[in-house]
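S.K.: So that we are looking at the same thing, I have put the structure below in structure tokens.
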Amino acid sequence: MGVAQNEMLGQALAAVGSRDFSGSRAFQAKAHRLIPGGAHTYAKGDDQYPEQAPAFIVRGKGCRVWDVDGNEFIEYGMGLRAVTLGHAFEPVVEAAYRQMQLGINFTRPAKIEVDLAEAFLDVINGADMVKFAKNGSDVTTAAVKLARAYTGRDLIAICCDHPFFSTDDWFIATTEMNAGIPYVVSEMTLKFHYNDLESLRELFDQYPGRIACVVMEAEAATPPIPGYLNQVKGLCEERGAVLVFDEMITGFRWHLGGAQKFHGVVPHLSAFGKAMGNGFAISALAGKREIMRLGGLDHDQPRVFLLSTTHGAETHALAASLETLRIYRERHVVDFLWKQGERLRALVNQSIAENRLEGFFELMGRPCNLVFATCDQEGNRSQAFRTLFMQEMIRRGVIAPSFVVSFSHTDADIDRTAEAVYGAHVVYRKTLDGGIDKYLEGRPVKPVNRRFNYFKTA
Ligand SMILES: Cc1ncc(COP(=O)(O)O)c(C=O)c1O
């Protein structure tokens, strides 16, 4: 090990502090008494984090957060990838506040609904029309409904290698966590594999004239093989189905124009959310006029009840989104996300090599959306080792369920994270050699979408 690495290790170990989580513990008990699961979003829940972790955050600024005990952390994947500019990002907060002072919900539509539609379609320029909503799930579900009405067909084909499309029954019925959903609903959703055109063609052959739409991310952890996305679109058009891209994660991250721009394949419909409003609740269904207009007033076909809710176009969320789009354009945010992700990737890969963790700890995905996989001594995917790694990162002041960067992760934050990774990797290596029980404090995390498996709470 060279001097630089020695220094790095020294700093990494020096940064290991014992953190007091007693406030978190006390709050956890109360939270589980009052809220099923102790949180309003499963991915934030206790079963997703090590026992030694901050359980509740009280404030954030940039890429940093502070928990109920006053501990400070650098965060990754902030707000489930929604907060791409940074927590409490002033220009966005101010734009929302200015709008709130003008009123947030009127009897007739607000002018800003049209302003944002224009700005959005200027960026997502393969689409002719857009409709805004509050959640990603609302808009993927709206895409499915619209496709069914447009085609007069009932079945949906989803890419089963992509983890999530909606909280609604058409998707959740296909997961392990399908309690409460009639079995018949699951029979309406068929599955194909990514980068496997034949698996989609087989579905079209098996259910001729019955598949309304194909729902997929243009890219998740694995990139498309050359030509694949175009072939999917071609197959959809040949068989009369609507192609829907879920751009919840890729939108405003792969490219300002989404993964559809990045890969040069324009879907018939696409669904956006997350990064659109830097954490404010806003999502969008965008697409071709011929399909979208079925949700409008100027046609003679049966009307589609397309996204109409009381809070659907709250003006402050639209103002936040307008400002977010402006900042994205003016400050080249997407380029920055790729650059910082690349910096982090190089440093993490260096640490993997120095700690002899090849085959045990792996980075995956594009630099703008880095995730990691953890394996045990036998090289099998391991939730216990994932928990251990997150535990050691938290010990070093970093909350890292992923390495998804934001516009607020500076070079210094990335370097500080790399030091924490190095320290966590040292412990990972020792654990591979010495056994998980020796180093993991408490139980491992669990996947969200599981059927049973009781998880003891505080
Ligand atoms: C790819 C993808 N699609 C859809 C959704 C649903 O979005 P929301 O949680 O805003 O309903 C998510 C949420 O994580 C997602 O990751």
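Ordered as shown in the structure tokens, chains take letters A, B, and onward, while each chain numbers its residues from 1 and ligands are numbered from 1 in the order shown.
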If we count only C-alpha atoms, what is near Gly359 of chain A at a cut-off of 10 Å, once residues fewer than 4 positions away on the same chain are taken out, given as number ranges by chain?
M.R.: A: 352, 373-380
S.K.: Take the residues that were just selected and, keeping N, CA, C and O atoms, output them as a PDB file, in the first residue's frame.
M.R.:
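So out_36.pdb came out as:
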```pdb
ATOM      1  N   ILE A 352     -12.118  -0.978  -4.562  1.00  0.00           N
ATOM      2  CA  ILE A 352     -12.446  -2.400  -4.783  1.00  0.00           C
ATOM      3  C   ILE A 352     -11.160  -3.167  -5.096  1.00  0.00           C
ATOM      4  O   ILE A 352     -10.897  -4.229  -4.519  1.00  0.00           O
ATOM      5  N   ALA A 373     -23.826  -3.730  -6.080  1.00  0.00           N
ATOM      6  CA  ALA A 373     -24.260  -5.082  -5.714  1.00  0.00           C
ATOM      7  C   ALA A 373     -23.252  -5.650  -4.733  1.00  0.00           C
ATOM      8  O   ALA A 373     -22.052  -5.401  -4.852  1.00  0.00           O
ATOM      9  N   THR A 374     -23.763  -6.399  -3.753  1.00  0.00           N
ATOM     10  CA  THR A 374     -22.897  -6.974  -2.713  1.00  0.00           C
ATOM     11  C   THR A 374     -23.028  -8.497  -2.730  1.00  0.00           C
ATOM     12  O   THR A 374     -24.137  -9.021  -2.809  1.00  0.00           O
ATOM     13  N   CYS A 375     -21.895  -9.173  -2.632  1.00  0.00           N
ATOM     14  CA  CYS A 375     -21.915 -10.643  -2.625  1.00  0.00           C
ATOM     15  C   CYS A 375     -21.168 -11.183  -1.411  1.00  0.00           C
ATOM     16  O   CYS A 375     -20.282 -10.521  -0.867  1.00  0.00           O
ATOM     17  N   ASP A 376     -21.532 -12.403  -1.024  1.00  0.00           N
ATOM     18  CA  ASP A 376     -20.886 -13.047   0.127  1.00  0.00           C
ATOM     19  C   ASP A 376     -19.644 -13.835  -0.310  1.00  0.00           C
ATOM     20  O   ASP A 376     -19.245 -13.754  -1.477  1.00  0.00           O
ATOM     21  N   GLN A 377     -19.095 -14.614   0.607  1.00  0.00           N
ATOM     22  CA  GLN A 377     -17.854 -15.363   0.344  1.00  0.00           C
ATOM     23  C   GLN A 377     -17.978 -16.269  -0.880  1.00  0.00           C
ATOM     24  O   GLN A 377     -17.015 -16.488  -1.607  1.00  0.00           O
ATOM     25  N   GLU A 378     -19.197 -16.804  -1.076  1.00  0.00           N
ATOM     26  CA  GLU A 378     -19.410 -17.729  -2.215  1.00  0.00           C
ATOM     27  C   GLU A 378     -19.711 -16.983  -3.510  1.00  0.00           C
ATOM     28  O   GLU A 378     -19.931 -17.590  -4.547  1.00  0.00           O
ATOM     29  N   GLY A 379     -19.763 -15.650  -3.437  1.00  0.00           N
ATOM     30  CA  GLY A 379     -20.062 -14.864  -4.636  1.00  0.00           C
ATOM     31  C   GLY A 379     -21.559 -14.765  -4.910  1.00  0.00           C
ATOM     32  O   GLY A 379     -21.965 -14.346  -5.996  1.00  0.00           O
ATOM     33  N   ASN A 380     -22.408 -15.144  -3.926  1.00  0.00           N
ATOM     34  CA  ASN A 380     -23.859 -15.018  -4.107  1.00  0.00           C
ATOM     35  C   ASN A 380     -24.330 -13.658  -3.600  1.00  0.00           C
ATOM     36  O   ASN A 380     -23.810 -13.164  -2.590  1.00  0.00           O
TER      37      ASN A 380
END
```
S.K.: If you count only C-alpha atoms and all ligand atoms, which residues end up within 8 Å of ligand 1, as a PyMOL selection string?
M.R.: chain A and resi 80+134-138+140+162-167+217+246-249+273-274+281+283
S.K.: Find the residue from A:Leu256, A:Phe106, A:Gly79, A:Ser24 that sits nearest to His311 of chain A; use only C-alpha atoms when measuring.
M.R.: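 Comparing A:Leu256, A:Phe106, A:Gly79, A:Ser24 against His311 of chain A, the winner is A:Phe106.
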S.K.: So which residues touch Gly442 of chain A within 9 Å, counting only C-alpha atoms, skipping near sequence neighbours fewer than 4 positions away, as a list of chain:residue names?
M.R.: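 The filter keeps A:Pro50, A:Glu51, A:Gln52, A:Asp437.
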S.K.: Keeping N, CA, C and O atoms, export the residues of the selection given above as a PDB file, in the first residue's frame.
M.R.:
```pdb
ATOM      1  N   PRO A  50     -29.668  -0.740   8.041  1.00  0.00           N
ATOM      2  CA  PRO A  50     -29.075  -1.459   9.180  1.00  0.00           C
ATOM      3  C   PRO A  50     -29.683  -0.996  10.496  1.00  0.00           C
ATOM      4  O   PRO A  50     -30.329   0.058  10.556  1.00  0.00           O
ATOM      5  N   GLU A  51     -29.447  -1.767  11.538  1.00  0.00           N
ATOM      6  CA  GLU A  51     -29.971  -1.355  12.851  1.00  0.00           C
ATOM      7  C   GLU A  51     -29.310  -0.070  13.316  1.00  0.00           C
ATOM      8  O   GLU A  51     -29.962   0.806  13.877  1.00  0.00           O
ATOM      9  N   GLN A  52     -27.994   0.037  13.065  1.00  0.00           N
ATOM     10  CA  GLN A  52     -27.280   1.257  13.467  1.00  0.00           C
ATOM     11  C   GLN A  52     -27.395   2.281  12.343  1.00  0.00           C
ATOM     12  O   GLN A  52     -26.488   2.449  11.534  1.00  0.00           O
ATOM     13  N   ASP A 437     -21.177 -12.638  11.076  1.00  0.00           N
ATOM     14  CA  ASP A 437     -21.688 -12.465  12.445  1.00  0.00           C
ATOM     15  C   ASP A 437     -20.761 -11.611  13.299  1.00  0.00           C
ATOM     16  O   ASP A 437     -21.193 -10.938  14.228  1.00  0.00           O
TER      17      ASP A 437
END
```
S.K.: Set the distance at 9 Å and use only C-alpha atoms: which residues neighbour Leu235 of chain A once local chain neighbours fewer than 5 positions away are removed? I'd like the list as a PyMOL selection string.
M.R.: chain A and resi 197+200-201+204+230+240-241
S.K.: Counting only C-alpha atoms, which residue out of A:Arg19, A:Arg343, A:His193, A:Arg443 sits closest to Asp413 of chain A?
M.R.: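 The answer is A:Arg343, which sits nearest to Asp413 of chain A.
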S.K.: Write out as a list of chain:residue names which residues come within 8 Å of segment 362-365 of chain A when counting only C-alpha atoms, dropping same-chain ones fewer than 2 positions away.
M.R.: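 Contacts, in chain order: A:Ala220, A:Ala221, A:Thr222, A:Arg345, A:Asn349, A:Glu358, A:Gly359, A:Phe360, A:Pro367, A:Asn369, A:Leu370, A:Val371, A:Phe372, A:Ala373, A:Thr374.
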S.K.: To one decimal place in Å, what is the distance between atom CA of Val334 of chain A and atom CA of Val93 of chain A?
M.R.: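 Computing the Euclidean distance for atom CA of Val334 of chain A and atom CA of Val93 of chain A yields 20.1 Å.
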S.K.: Could you make a table, as a tab-separated table, of the residues of segment 324-351 of chain A that have an atom within 12 Å of an atom of segment 421-425 of chain A, each with its nearest atom pair and distance in Å to one decimal, counting only C-alpha atoms, in chain and number order?
M.R.:
```
residue	atom	partner	partner_atom	distance
A:Leu344	CA	A:Val421	CA	10.0
A:Arg345	CA	A:Val421	CA	11.0
A:Ala346	CA	A:Val421	CA	11.9
A:Leu347	CA	A:Val421	CA	8.8
A:Val348	CA	A:Val421	CA	6.8
A:Asn349	CA	A:Tyr422	CA	10.0
A:Gln350	CA	A:Tyr422	CA	8.9
A:Ser351	CA	A:Tyr422	CA	5.5
```
S.K.: What does the structure give for the distance between atom CA of Val242 of chain A and atom CA of Asp122 of chain A, in Å to one decimal?
M.R.: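 It comes out at 22.6 Å.
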